[in-house]
>>> print(open('upload.json').read())   # JSON, C-alpha atoms
[["chain", "number", "residue", "atom", "x", "y", "z"],
["A", 20, "MET", "CA", 37.51, -6.78, -7.87],
["A", 21, "PRO", "CA", 34.14, -5.65, -6.48],
["A", 22, "VAL", "CA", 31.06, -6.68, -8.42],
["A", 23, "ARG", "CA", 29.14, -4.03, -10.33],
["A", 24, "LEU", "CA", 25.41, -3.45, -9.93],
["A", 25, "THR", "CA", 22.98, -0.90, -11.32],
["A", 26, "VAL", "CA", 19.89, -0.31, -9.19],
["A", 27, "VAL", "CA", 16.89, 1.31, -10.88],
["A", 28, "GLY", "CA", 14.28, 2.35, -8.37],
["A", 29, "SER", "CA", 12.64, 4.74, -5.98],
["A", 30, "ILE", "CA", 14.18, 7.46, -3.85],
["A", 31, "ASN", "CA", 12.11, 8.72, -0.91],
["A", 32, "LEU", "CA", 12.40, 10.66, 2.29],
["A", 33, "ASP", "CA", 10.91, 8.60, 5.11],
["A", 34, "LEU", "CA", 8.90, 10.55, 7.69],
["A", 35, "VAL", "CA", 8.95, 8.19, 10.66],
["A", 36, "ALA", "CA", 6.80, 8.30, 13.80],
["A", 37, "ARG", "CA", 7.84, 5.84, 16.50],
["A", 38, "THR", "CA", 5.11, 5.06, 19.02],
["A", 39, "GLU", "CA", 4.29, 2.49, 21.69],
["A", 40, "ARG", "CA", 1.58, 0.89, 19.56],
["A", 41, "LEU", "CA", 0.06, 1.33, 16.12],
["A", 42, "PRO", "CA", -3.30, 3.16, 16.01],
["A", 43, "ARG", "CA", -6.52, 1.39, 15.13],
["A", 44, "PRO", "CA", -8.61, 2.75, 12.22],
["A", 45, "GLY", "CA", -9.87, 6.20, 13.19],
["A", 46, "GLU", "CA", -7.77, 6.34, 16.37],
["A", 47, "THR", "CA", -5.17, 8.98, 17.31],
["A", 48, "VAL", "CA", -2.10, 7.85, 19.26],
["A", 49, "THR", "CA", 0.05, 10.50, 20.94],
["A", 50, "GLY", "CA", 3.51, 10.47, 22.52],
["A", 51, "ALA", "CA", 5.37, 9.55, 19.32],
["A", 52, "THR", "CA", 8.90, 10.59, 18.37],
["A", 53, "PHE", "CA", 9.60, 11.85, 14.84],
["A", 54, "SER", "CA", 12.55, 11.59, 12.47],
["A", 55, "GLN", "CA", 13.37, 12.12, 8.79],
["A", 56, "ILE", "CA", 15.41, 9.27, 7.29],
["A", 57, "PRO", "CA", 16.45, 8.65, 3.66],
["A", 58, "GLY", "CA", 14.51, 5.76, 2.14],
["A", 59, "GLY", "CA", 12.83, 4.32, -0.93],
["A", 60, "LYS", "CA", 13.35, 0.71, -2.02],
["A", 61, "GLY", "CA", 15.71, 1.62, -4.83],
["A", 62, "ALA", "CA", 17.85, 3.90, -2.70],
["A", 63, "ASN", "CA", 17.81, 1.47, 0.24],
["A", 64, "GLN", "CA", 19.02, -1.40, -1.91],
["A", 65, "ALA", "CA", 21.67, 0.75, -3.58],
["A", 66, "VAL", "CA", 23.09, 1.87, -0.21],
["A", 67, "ALA", "CA", 22.92, -1.70, 1.12],
["A", 68, "ALA", "CA", 24.77, -3.11, -1.89],
["A", 69, "ALA", "CA", 27.47, -0.43, -1.64],
["A", 70, "ARG", "CA", 28.00, -1.15, 2.07],
["A", 71, "LEU", "CA", 28.33, -4.82, 1.17],
["A", 72, "GLY", "CA", 31.21, -4.04, -1.17],
["A", 73, "ALA", "CA", 29.63, -3.62, -4.62],
["A", 74, "GLU", "CA", 30.26, -0.73, -7.01],
["A", 75, "VAL", "CA", 26.76, 0.66, -7.39],
["A", 76, "THR", "CA", 25.07, 3.03, -9.82],
["A", 77, "LEU", "CA", 21.58, 4.28, -8.93],
["A", 78, "VAL", "CA", 19.09, 5.35, -11.59],
["A", 79, "GLY", "CA", 16.15, 7.21, -10.08],
["A", 80, "CYS", "CA", 14.22, 10.46, -10.03],
["A", 81, "VAL", "CA", 13.82, 13.21, -7.41],
["A", 82, "GLY", "CA", 12.12, 16.58, -7.41],
["A", 83, "ASN", "CA", 13.77, 19.97, -7.32],
["A", 84, "ASP", "CA", 12.92, 20.51, -3.66],
["A", 85, "GLU", "CA", 14.53, 20.47, -0.22],
["A", 86, "PHE", "CA", 13.48, 16.86, 0.42],
["A", 87, "ALA", "CA", 15.68, 15.71, -2.48],
["A", 88, "GLU", "CA", 18.96, 16.62, -0.80],
["A", 89, "LEU", "CA", 17.86, 14.99, 2.46],
["A", 90, "ALA", "CA", 16.90, 11.83, 0.57],
["A", 91, "LEU", "CA", 20.33, 11.58, -1.12],
["A", 92, "VAL", "CA", 22.57, 11.98, 1.95],
["A", 93, "GLU", "CA", 23.25, 8.30, 2.66],
["A", 94, "LEU", "CA", 23.68, 7.49, -1.04],
["A", 95, "VAL", "CA", 26.44, 10.08, -1.28],
["A", 96, "ALA", "CA", 28.04, 8.83, 1.95],
["A", 97, "ALA", "CA", 28.02, 5.24, 0.65],
["A", 98, "GLY", "CA", 29.75, 6.23, -2.58],
["A", 99, "VAL", "CA", 26.86, 5.34, -4.89],
["A", 100, "ASP", "CA", 27.24, 6.76, -8.42],
["A", 101, "LEU", "CA", 24.42, 9.29, -8.91],
["A", 102, "SER", "CA", 25.53, 10.59, -12.32],
["A", 103, "ARG", "CA", 22.43, 9.11, -13.99],
["A", 104, "LEU", "CA", 19.97, 10.66, -11.52],
["A", 105, "LYS", "CA", 17.00, 12.49, -13.03],
["A", 106, "ARG", "CA", 15.58, 15.66, -11.48],
["A", 107, "THR", "CA", 12.13, 16.92, -12.35],
["A", 108, "ASP", "CA", 9.87, 19.92, -11.77],
["A", 109, "ALA", "CA", 6.82, 17.80, -12.56],
["A", 110, "ALA", "CA", 6.53, 16.29, -9.05],
["A", 111, "ALA", "CA", 7.95, 16.52, -5.55],
["A", 112, "THR", "CA", 10.48, 14.04, -4.19],
["A", 113, "GLY", "CA", 8.80, 10.81, -3.03],
["A", 114, "VAL", "CA", 7.76, 10.54, 0.59],
["A", 115, "ALA", "CA", 6.97, 7.53, 2.80],
["A", 116, "LEU", "CA", 4.85, 8.00, 5.93],
["A", 117, "ILE", "CA", 5.93, 5.31, 8.40],
["A", 118, "THR", "CA", 4.64, 4.41, 11.84],
["A", 119, "VAL", "CA", 6.71, 1.97, 13.93],
["A", 120, "ASP", "CA", 5.59, 0.44, 17.23],
["A", 121, "ALA", "CA", 7.63, -0.79, 20.21],
["A", 122, "ALA", "CA", 7.76, -4.34, 18.79],
["A", 123, "GLY", "CA", 9.22, -3.18, 15.49],
["A", 124, "GLU", "CA", 6.03, -3.66, 13.47],
["A", 125, "ASN", "CA", 5.33, -0.91, 10.97],
["A", 126, "GLU", "CA", 2.70, 0.63, 8.72],
["A", 127, "ILE", "CA", 3.87, 2.41, 5.56],
["A", 128, "VAL", "CA", 2.10, 4.68, 3.09],
["A", 129, "VAL", "CA", 4.14, 5.88, 0.11],
["A", 130, "ALA", "CA", 3.50, 8.99, -2.00],
["A", 131, "LEU", "CA", 5.60, 8.13, -5.07],
["A", 132, "GLY", "CA", 5.91, 11.70, -6.34],
["A", 133, "ALA", "CA", 8.94, 12.06, -8.63],
["A", 134, "ASN", "CA", 9.44, 8.29, -8.74],
["A", 135, "SER", "CA", 6.46, 8.16, -11.10],
["A", 136, "GLU", "CA", 8.39, 10.38, -13.53],
["A", 137, "LEU", "CA", 11.13, 7.79, -14.22],
["A", 138, "HIS", "CA", 10.26, 6.75, -17.76],
["A", 139, "PRO", "CA", 11.91, 4.11, -20.01],
["A", 140, "HIS", "CA", 13.81, 6.57, -22.22],
["A", 141, "ASP", "CA", 15.03, 8.87, -19.44],
["A", 142, "PHE", "CA", 18.34, 7.04, -18.96],
["A", 143, "GLU", "CA", 20.97, 4.69, -20.39],
["A", 144, "LEU", "CA", 22.26, 1.74, -18.39],
["A", 145, "PRO", "CA", 25.98, 1.21, -17.73],
["A", 146, "GLU", "CA", 27.48, -1.50, -19.93],
["A", 147, "ASN", "CA", 27.83, -5.02, -18.51],
["A", 148, "ASP", "CA", 26.14, -4.30, -15.15],
["A", 149, "ALA", "CA", 23.61, -6.59, -13.53],
["A", 150, "VAL", "CA", 20.37, -4.66, -13.00],
["A", 151, "LEU", "CA", 18.17, -4.74, -9.90],
["A", 152, "CYS", "CA", 14.79, -3.01, -9.73],
["A", 153, "GLN", "CA", 11.60, -2.95, -7.66],
["A", 154, "LEU", "CA", 7.98, -1.89, -8.25],
["A", 155, "GLU", "CA", 7.94, 1.65, -6.81],
["A", 156, "ILE", "CA", 8.60, 3.03, -10.31],
["A", 157, "PRO", "CA", 6.33, 2.89, -13.39],
["A", 158, "LEU", "CA", 5.66, -0.68, -14.57],
["A", 159, "GLU", "CA", 6.46, 0.33, -18.15],
["A", 160, "THR", "CA", 9.97, 1.21, -16.98],
["A", 161, "VAL", "CA", 10.33, -2.14, -15.23],
["A", 162, "GLU", "CA", 9.18, -3.96, -18.37],
["A", 163, "GLU", "CA", 11.71, -2.04, -20.48],
["A", 164, "LEU", "CA", 14.50, -2.90, -18.04],
["A", 165, "SER", "CA", 13.70, -6.60, -18.36],
["A", 166, "LEU", "CA", 14.32, -6.31, -22.10],
["A", 167, "VAL", "CA", 17.45, -4.13, -22.18],
["A", 168, "ALA", "CA", 19.40, -5.15, -19.05],
["A", 169, "PRO", "CA", 22.97, -5.82, -20.28],
["A", 170, "ALA", "CA", 23.56, -8.70, -17.83],
["A", 171, "GLU", "CA", 21.48, -10.41, -15.12],
["A", 172, "PHE", "CA", 18.07, -8.84, -14.47],
["A", 173, "ILE", "CA", 16.81, -9.17, -10.90],
["A", 174, "ILE", "CA", 13.48, -7.90, -9.65],
["A", 175, "ASN", "CA", 12.28, -7.41, -6.10],
["A", 176, "ALA", "CA", 8.55, -7.61, -6.87],
["A", 177, "ALA", "CA", 7.52, -5.23, -4.10],
["A", 178, "PRO", "CA", 5.16, -3.66, -3.39],
["A", 179, "ALA", "CA", 2.91, -6.32, -4.90],
["A", 180, "ARG", "CA", 1.38, -5.22, -8.19],
["A", 181, "GLY", "CA", 1.55, -6.61, -11.66],
["A", 182, "PRO", "CA", 2.19, -7.78, -14.19],
["A", 183, "VAL", "CA", 5.75, -8.67, -13.17],
["A", 184, "PRO", "CA", 8.11, -9.35, -16.12],
["A", 185, "ALA", "CA", 10.37, -12.38, -16.32],
["A", 186, "ALA", "CA", 13.71, -12.12, -14.52],
["A", 187, "ASP", "CA", 16.82, -14.16, -13.81],
["A", 188, "LEU", "CA", 15.90, -13.91, -10.13],
["A", 189, "THR", "CA", 12.67, -12.72, -8.51],
["A", 190, "ILE", "CA", 12.65, -11.78, -4.81],
["A", 191, "VAL", "CA", 9.36, -11.58, -2.87],
["A", 192, "ASN", "CA", 7.87, -12.05, 0.57],
["A", 193, "ARG", "CA", 5.19, -14.67, 1.22],
["A", 194, "TYR", "CA", 2.36, -12.26, 0.37],
["A", 195, "GLU", "CA", 3.97, -10.95, -2.82],
["A", 196, "LEU", "CA", 4.49, -14.55, -3.94],
["A", 197, "GLU", "CA", 0.71, -14.95, -4.16],
["A", 198, "GLU", "CA", 0.59, -12.18, -6.77],
["A", 199, "LEU", "CA", 3.05, -13.97, -9.06],
["A", 200, "ASN", "CA", 0.78, -16.95, -9.73],
["A", 201, "HIS", "CA", 2.79, -19.74, -11.35],
["A", 202, "ARG", "CA", 6.29, -18.57, -12.24],
["A", 203, "ASP", "CA", 9.28, -20.55, -13.50],
["A", 204, "GLY", "CA", 12.90, -19.70, -12.78],
["A", 205, "ALA", "CA", 14.64, -18.70, -9.57],
["A", 206, "ILE", "CA", 12.48, -17.17, -6.82],
["A", 207, "ALA", "CA", 13.66, -16.20, -3.34],
["A", 208, "VAL", "CA", 10.84, -15.99, -0.79],
["A", 209, "THR", "CA", 11.27, -14.33, 2.60],
["A", 210, "HIS", "CA", 9.27, -15.48, 5.64],
["A", 211, "GLY", "CA", 10.26, -12.90, 8.25],
["A", 212, "ALA", "CA", 11.67, -14.43, 11.43],
["A", 213, "GLU", "CA", 11.29, -17.89, 9.87],
["A", 214, "GLY", "CA", 13.96, -17.14, 7.29],
["A", 215, "ALA", "CA", 13.85, -17.63, 3.52],
["A", 216, "VAL", "CA", 13.74, -20.27, 0.81],
["A", 217, "LEU", "CA", 15.09, -20.33, -2.73],
["A", 218, "LEU", "CA", 12.96, -22.03, -5.37],
["A", 219, "GLU", "CA", 13.95, -23.17, -8.86],
["A", 220, "ASP", "CA", 10.99, -23.88, -11.14],
["A", 221, "GLY", "CA", 8.82, -24.36, -8.05],
["A", 222, "LYS", "CA", 11.18, -26.75, -6.24],
["A", 223, "GLU", "CA", 13.02, -25.76, -3.06],
["A", 224, "ILE", "CA", 16.80, -25.80, -3.55],
["A", 225, "ALA", "CA", 17.98, -23.88, -0.48],
["A", 226, "ARG", "CA", 16.66, -22.71, 2.89],
["A", 227, "ALA", "CA", 18.16, -20.47, 5.58],
["A", 228, "ALA", "CA", 17.14, -19.05, 8.95],
["A", 229, "PRO", "CA", 18.17, -15.66, 10.37],
["A", 230, "PRO", "CA", 20.00, -15.19, 13.67],
["A", 231, "THR", "CA", 17.92, -14.23, 16.69],
["A", 232, "VAL", "CA", 17.89, -10.45, 17.18],
["A", 233, "GLU", "CA", 15.79, -7.96, 19.08],
["A", 234, "ALA", "CA", 13.44, -6.47, 16.50],
["A", 235, "ILE", "CA", 13.51, -2.67, 16.60],
["A", 236, "ASP", "CA", 12.27, -1.62, 13.15],
["A", 237, "GLY", "CA", 11.65, -3.87, 10.15],
["A", 238, "THR", "CA", 11.40, -1.01, 7.64],
["A", 239, "ALA", "CA", 14.41, -1.91, 5.43],
["A", 240, "ALA", "CA", 14.93, -5.55, 6.39],
["A", 241, "GLY", "CA", 13.64, -6.77, 3.04],
["A", 242, "ASP", "CA", 15.88, -4.32, 1.18],
["A", 243, "ALA", "CA", 18.93, -5.50, 3.14],
["A", 244, "PHE", "CA", 18.01, -9.11, 2.35],
["A", 245, "THR", "CA", 17.57, -8.35, -1.36],
["A", 246, "ALA", "CA", 20.84, -6.44, -1.73],
["A", 247, "CYS", "CA", 22.85, -9.04, 0.18],
["A", 248, "LEU", "CA", 21.42, -11.95, -1.79],
["A", 249, "VAL", "CA", 22.12, -10.23, -5.12],
["A", 250, "VAL", "CA", 25.64, -9.11, -4.21],
["A", 251, "SER", "CA", 26.50, -12.52, -2.75],
["A", 252, "LEU", "CA", 25.34, -14.32, -5.90],
["A", 253, "LEU", "CA", 27.21, -11.88, -8.17],
["A", 254, "GLU", "CA", 30.33, -12.54, -6.10],
["A", 255, "GLY", "CA", 30.03, -16.20, -7.06],
["A", 256, "ARG", "CA", 28.99, -17.60, -3.69],
["A", 257, "ASP", "CA", 26.88, -20.75, -3.74],
["A", 258, "ARG", "CA", 23.15, -20.29, -3.31],
["A", 259, "GLU", "CA", 22.92, -21.65, 0.22],
["A", 260, "GLU", "CA", 25.65, -19.35, 1.53],
["A", 261, "ALA", "CA", 24.16, -16.38, -0.34],
["A", 262, "LEU", "CA", 20.76, -17.07, 1.22],
["A", 263, "ARG", "CA", 22.28, -17.38, 4.70],
["A", 264, "ARG", "CA", 24.12, -14.07, 4.30],
["A", 265, "ALA", "CA", 20.93, -12.39, 3.07],
["A", 266, "CYS", "CA", 18.97, -13.61, 6.12],
["A", 267, "ILE", "CA", 21.68, -12.23, 8.39],
["A", 268, "ALA", "CA", 21.62, -8.86, 6.62],
["A", 269, "GLY", "CA", 17.84, -8.64, 6.97],
["A", 270, "ALA", "CA", 17.98, -9.49, 10.67],
["A", 271, "LEU", "CA", 20.71, -6.91, 11.32],
["A", 272, "ALA", "CA", 18.64, -4.22, 9.58],
["A", 273, "ALA", "CA", 15.58, -5.12, 11.67],
["A", 274, "SER", "CA", 17.62, -4.70, 14.85],
["A", 275, "LYS", "CA", 18.19, -0.98, 14.20],
["A", 276, "LEU", "CA", 15.92, 2.03, 13.70],
["A", 277, "GLY", "CA", 15.36, 3.51, 10.26],
["A", 278, "ALA", "CA", 15.84, 2.47, 6.66],
["A", 279, "GLN", "CA", 19.26, 3.34, 5.28],
["A", 280, "THR", "CA", 20.65, 4.08, 8.73],
["A", 281, "SER", "CA", 20.11, 0.40, 9.65],
["A", 282, "LEU", "CA", 21.80, -1.29, 6.67],
["A", 283, "PRO", "CA", 24.77, -3.52, 7.60],
["A", 284, "THR", "CA", 28.26, -3.77, 6.11],
["A", 285, "ALA", "CA", 29.82, -6.93, 4.70],
["A", 286, "GLN", "CA", 31.99, -7.19, 7.83],
["A", 287, "GLU", "CA", 28.93, -7.13, 10.10],
["A", 288, "VAL", "CA", 27.25, -9.85, 8.04],
["A", 289, "ASP", "CA", 30.32, -12.08, 7.94],
["A", 290, "ALA", "CA", 30.86, -11.70, 11.68],
["A", 291, "LEU", "CA", 27.55, -13.53, 12.23],
["A", 292, "LEU", "CA", 27.98, -15.97, 9.35]]
>>> encode(input="upload.json", output="structure tokens")
Amino acid sequence: MPVRLTVVGSINLDLVARTERLPRPGETVTGATFSQIPGGKGANQAVAAARLGAEVTLVGCVGNDEFAELALVELVAAGVDLSRLKRTDAAATGVALITVDAAGENEIVVALGANSELHPHDFELPENDAVLCQLEIPLETVEELSLVAPAEFIINAAPARGPVPAADLTIVNRYELEELNHRDGAIAVTHGAEGAVLLEDGKEIARAAPPTVEAIDGTAAGDAFTACLVVSLLEGRDREEALRRACIAGALAASKLGAQTSLPTAQEVDALL
């Protein structure tokens, strides 16, 4: 039976400009190509988990505007349960402004919009589901989730801001780790092309490296990593294998353009495993 996962998080429409190089402060760079791609950390991780074989419910908030339907396309295609989605007139659907250069490096500015309207008492969680969330929704909502999650509570503490509540598993990159200060429990730390490590009470218990790929766009690589690690652990895989699979998923996402359009399936991950 597939594992069940509820993702509580942001839903955005990514407005992506792909250019030869990123502009310096105050500089204008021309010759870019433009695309609109569904995004948001919550939505990305929900789509990724569904493609990896989980039964996924997404709790999030969008505006009553044309961007909302564009932002939900890949979620619908992936079979994510959107029955607990909130719609609001108080704000527009979230938007991320993303610039990607020829080497796959990116700069991202997020206007949270309707994501800021997802409050603790706006929804009920499905019974018995593990819960995964990020920090592109109000911190009061994240804190509430840590208290009421019916099963495992996992947090991808990104983007870095605090305070971050306790969790069964915390997932961060090397920079976000600095914001946690001292933290007990399980922490997965990503190091880009160098791979990732899993810590338990500050001690390394597993390490994995990603396969070599041509980096095209790293926009959703962290979301692919997070979803694959969580799904793999919920499936009962040992921690080292779960970490290896997560590194592969992140590398595969970085080898394609876009956020949700780049997220791999379980078959693609296992082919490289």
>>> residues_around(input="upload.json", residues="Val66 (chain A)", least_positions_apart="4", cutoff="8 Å", atoms="all atoms listed in the file", output="list in words")
Ala62, Arg70, Glu93, Leu94, Ala97, Val99, Gln279 and Leu282 of chain A
>>> residues_around(input="upload.json", residues="Ile206 (chain A)", least_positions_apart="5", cutoff="10 Å", atoms="only C-alpha atoms", output="list in words")
Ile173, Ile174, Asn175, Ala186, Asp187, Leu188, Thr189, Ile190, Val191, Leu196, Val216, Leu217, Leu218, Glu219, Asp220, Gly221, Lys222 and Glu223 of chain A
>>> write_last_selection(input="upload.json", atoms="C-alpha atoms", output="mmCIF file, keeping the file's coordinate frame")
data_model
loop_
_atom_site.group_PDB
_atom_site.id
_atom_site.type_symbol
_atom_site.label_atom_id
_atom_site.label_comp_id
_atom_site.auth_asym_id
_atom_site.auth_seq_id
_atom_site.Cartn_x
_atom_site.Cartn_y
_atom_site.Cartn_z
ATOM 1 C CA ILE A 173 16.810 -9.170 -10.900
ATOM 2 C CA ILE A 174 13.480 -7.900 -9.650
ATOM 3 C CA ASN A 175 12.280 -7.410 -6.100
ATOM 4 C CA ALA A 186 13.710 -12.120 -14.520
ATOM 5 C CA ASP A 187 16.820 -14.160 -13.810
ATOM 6 C CA LEU A 188 15.900 -13.910 -10.130
ATOM 7 C CA THR A 189 12.670 -12.720 -8.510
ATOM 8 C CA ILE A 190 12.650 -11.780 -4.810
ATOM 9 C CA VAL A 191 9.360 -11.580 -2.870
ATOM 10 C CA LEU A 196 4.490 -14.550 -3.940
ATOM 11 C CA VAL A 216 13.740 -20.270 0.810
ATOM 12 C CA LEU A 217 15.090 -20.330 -2.730
ATOM 13 C CA LEU A 218 12.960 -22.030 -5.370
ATOM 14 C CA GLU A 219 13.950 -23.170 -8.860
ATOM 15 C CA ASP A 220 10.990 -23.880 -11.140
ATOM 16 C CA GLY A 221 8.820 -24.360 -8.050
ATOM 17 C CA LYS A 222 11.180 -26.750 -6.240
ATOM 18 C CA GLU A 223 13.020 -25.760 -3.060
#
>>> closest_residue(input="upload.json", among="A:Ser135, A:Ala96, A:Glu198, A:Ile224", to="Asp257 (chain A)", atoms="all atoms listed in the file")
A:Ile224
>>> closest_residue(input="upload.json", among="A:Ile267, A:Thr245, A:Ala205, A:Arg193", to="Ala228 (chain A)", atoms="all atoms listed in the file")
A:Ile267
>>> closest_residue(input="upload.json", among="A:Cys266, A:Leu164, A:Ala177, A:Ala65", to="His210 (chain A)", atoms="all atoms listed in the file")
A:Cys266
>>> axis_aligned_box(input="upload.json", around="region 208-215 of chain A", padding_each_side="4 Å", output="lines of an AutoDock Vina configuration file")
center_x = 11.6
center_y = -15.4
center_z = 5.3
size_x = 12.7
size_y = 13.0
size_z = 20.2
>>> residues_around(input="upload.json", residues="Pro157 (chain A)", least_positions_apart="4", cutoff="9 Å", atoms="only C-alpha atoms", output="list in words")
Asn134, Ser135, Glu136, Leu137, His138, Pro139, Val161 and Glu162 of chain A
>>> write_last_selection(input="upload.json", atoms="C-alpha atoms", output="short mmCIF file (atom, residue, chain, number, x, y, z; two decimals), in the frame of the given file")
data_model
loop_
_atom_site.label_atom_id
_atom_site.label_comp_id
_atom_site.auth_asym_id
_atom_site.auth_seq_id
_atom_site.Cartn_x
_atom_site.Cartn_y
_atom_site.Cartn_z
CA ASN A 134 9.44 8.29 -8.74
CA SER A 135 6.46 8.16 -11.10
CA GLU A 136 8.39 10.38 -13.53
CA LEU A 137 11.13 7.79 -14.22
CA HIS A 138 10.26 6.75 -17.76
CA PRO A 139 11.91 4.11 -20.01
CA VAL A 161 10.33 -2.14 -15.23
CA GLU A 162 9.18 -3.96 -18.37
#
>>> closest_residue(input="upload.json", among="A:Asp33, A:Glu171, A:Glu287, A:Glu146", to="Val249 (chain A)", atoms="only C-alpha atoms")
A:Glu171
>>> atom_distance(input="upload.json", atom1="CA of Thr25 (chain A)", atom2="CA of Val78 (chain A)")
7.4 Å
>>> atom_distance(input="upload.json", atom1="CA of Gly82 (chain A)", atom2="CA of Ala110 (chain A)")
5.8 Å
>>> closest_residue(input="upload.json", among="A:Tyr194, A:Arg226, A:Ala285, A:Asn83", to="Ala69 (chain A)", atoms="all atoms listed in the file")
A:Ala285
>>> atom_distance(input="upload.json", atom1="CA of Glu163 (chain A)", atom2="CA of Gly269 (chain A)")
28.9 Å
>>> closest_residue(input="upload.json", among="A:Asp289, A:Ala68, A:Ala278, A:Asp203", to="Ile30 (chain A)", atoms="all atoms listed in the file")
A:Ala278
>>> residues_around(input="upload.json", residues="Ser29 (chain A)", least_positions_apart="6", cutoff="10 Å", atoms="all atoms listed in the file", output="list in words")
Gly58, Gly59, Lys60, Gly61, Ala62, Asn63, Gln64, Leu77, Val78, Gly79, Cys80, Val81, Thr112, Gly113, Leu131, Gly132, Ala133, Asn134, Ser135, Leu137, Cys152, Gln153, Leu154, Glu155, Ile156 and Pro157 of chain A
>>> residues_near_point(input="upload.json", point="(3.6, 10.1, 0.6)", cutoff="7 Å", atoms="all atoms listed in the file", output="PDB file with C-alpha atoms, in the coordinates of the input")
ATOM      1  CA  GLY A 113       8.800  10.810  -3.030  1.00  0.00           C
ATOM      2  CA  VAL A 114       7.760  10.540   0.590  1.00  0.00           C
ATOM      3  CA  ALA A 115       6.970   7.530   2.800  1.00  0.00           C
ATOM      4  CA  LEU A 116       4.850   8.000   5.930  1.00  0.00           C
ATOM      5  CA  VAL A 128       2.100   4.680   3.090  1.00  0.00           C
ATOM      6  CA  VAL A 129       4.140   5.880   0.110  1.00  0.00           C
ATOM      7  CA  ALA A 130       3.500   8.990  -2.000  1.00  0.00           C
ATOM      8  CA  LEU A 131       5.600   8.130  -5.070  1.00  0.00           C
TER       9      LEU A 131
END
>>> residues_around(input="upload.json", residues="Gln55 (chain A)", least_positions_apart="5", cutoff="8 Å", atoms="only C-alpha atoms", output="list in words")
Leu32, Asp33, Leu34 and Val35 of chain A
>>> build_atoms(input="upload.json", residues="region 140-151 of chain A", atoms="N, CA and C atoms", output="PDB file, in the coordinates of the input")
ATOM      1  N   HIS A 140      12.789   5.949 -21.382  1.00  0.00           N
ATOM      2  CA  HIS A 140      13.810   6.570 -22.220  1.00  0.00           C
ATOM      3  C   HIS A 140      14.494   7.751 -21.520  1.00  0.00           C
ATOM      4  N   ASP A 141      14.404   7.792 -20.201  1.00  0.00           N
ATOM      5  CA  ASP A 141      15.030   8.870 -19.440  1.00  0.00           C
ATOM      6  C   ASP A 141      16.495   8.587 -19.121  1.00  0.00           C
ATOM      7  N   PHE A 142      16.995   7.400 -19.418  1.00  0.00           N
ATOM      8  CA  PHE A 142      18.340   7.040 -18.960  1.00  0.00           C
ATOM      9  C   PHE A 142      18.932   5.958 -19.859  1.00  0.00           C
ATOM     10  N   GLU A 143      20.258   5.801 -19.774  1.00  0.00           N
ATOM     11  CA  GLU A 143      20.970   4.690 -20.390  1.00  0.00           C
ATOM     12  C   GLU A 143      21.649   3.899 -19.279  1.00  0.00           C
ATOM     13  N   LEU A 144      21.660   2.590 -19.406  1.00  0.00           N
ATOM     14  CA  LEU A 144      22.260   1.740 -18.390  1.00  0.00           C
ATOM     15  C   LEU A 144      23.763   1.599 -18.629  1.00  0.00           C
ATOM     16  N   PRO A 145      24.557   1.503 -17.559  1.00  0.00           N
ATOM     17  CA  PRO A 145      25.980   1.210 -17.730  1.00  0.00           C
ATOM     18  C   PRO A 145      26.174  -0.139 -18.421  1.00  0.00           C
ATOM     19  N   GLU A 146      27.207  -0.253 -19.228  1.00  0.00           N
ATOM     20  CA  GLU A 146      27.480  -1.500 -19.930  1.00  0.00           C
ATOM     21  C   GLU A 146      27.893  -2.603 -18.949  1.00  0.00           C
ATOM     22  N   ASN A 147      27.397  -3.802 -19.200  1.00  0.00           N
ATOM     23  CA  ASN A 147      27.830  -5.020 -18.510  1.00  0.00           C
ATOM     24  C   ASN A 147      27.366  -5.151 -17.063  1.00  0.00           C
ATOM     25  N   ASP A 148      26.599  -4.209 -16.539  1.00  0.00           N
ATOM     26  CA  ASP A 148      26.140  -4.300 -15.150  1.00  0.00           C
ATOM     27  C   ASP A 148      24.927  -5.216 -15.030  1.00  0.00           C
ATOM     28  N   ALA A 149      24.874  -5.978 -13.934  1.00  0.00           N
ATOM     29  CA  ALA A 149      23.610  -6.590 -13.530  1.00  0.00           C
ATOM     30  C   ALA A 149      22.663  -5.472 -13.119  1.00  0.00           C
ATOM     31  N   VAL A 150      21.370  -5.692 -13.285  1.00  0.00           N
ATOM     32  CA  VAL A 150      20.370  -4.660 -13.000  1.00  0.00           C
ATOM     33  C   VAL A 150      19.365  -5.199 -11.981  1.00  0.00           C
ATOM     34  N   LEU A 151      19.141  -4.419 -10.942  1.00  0.00           N
ATOM     35  CA  LEU A 151      18.170  -4.740  -9.900  1.00  0.00           C
ATOM     36  C   LEU A 151      17.127  -3.647  -9.842  1.00  0.00           C
TER      37      LEU A 151
END
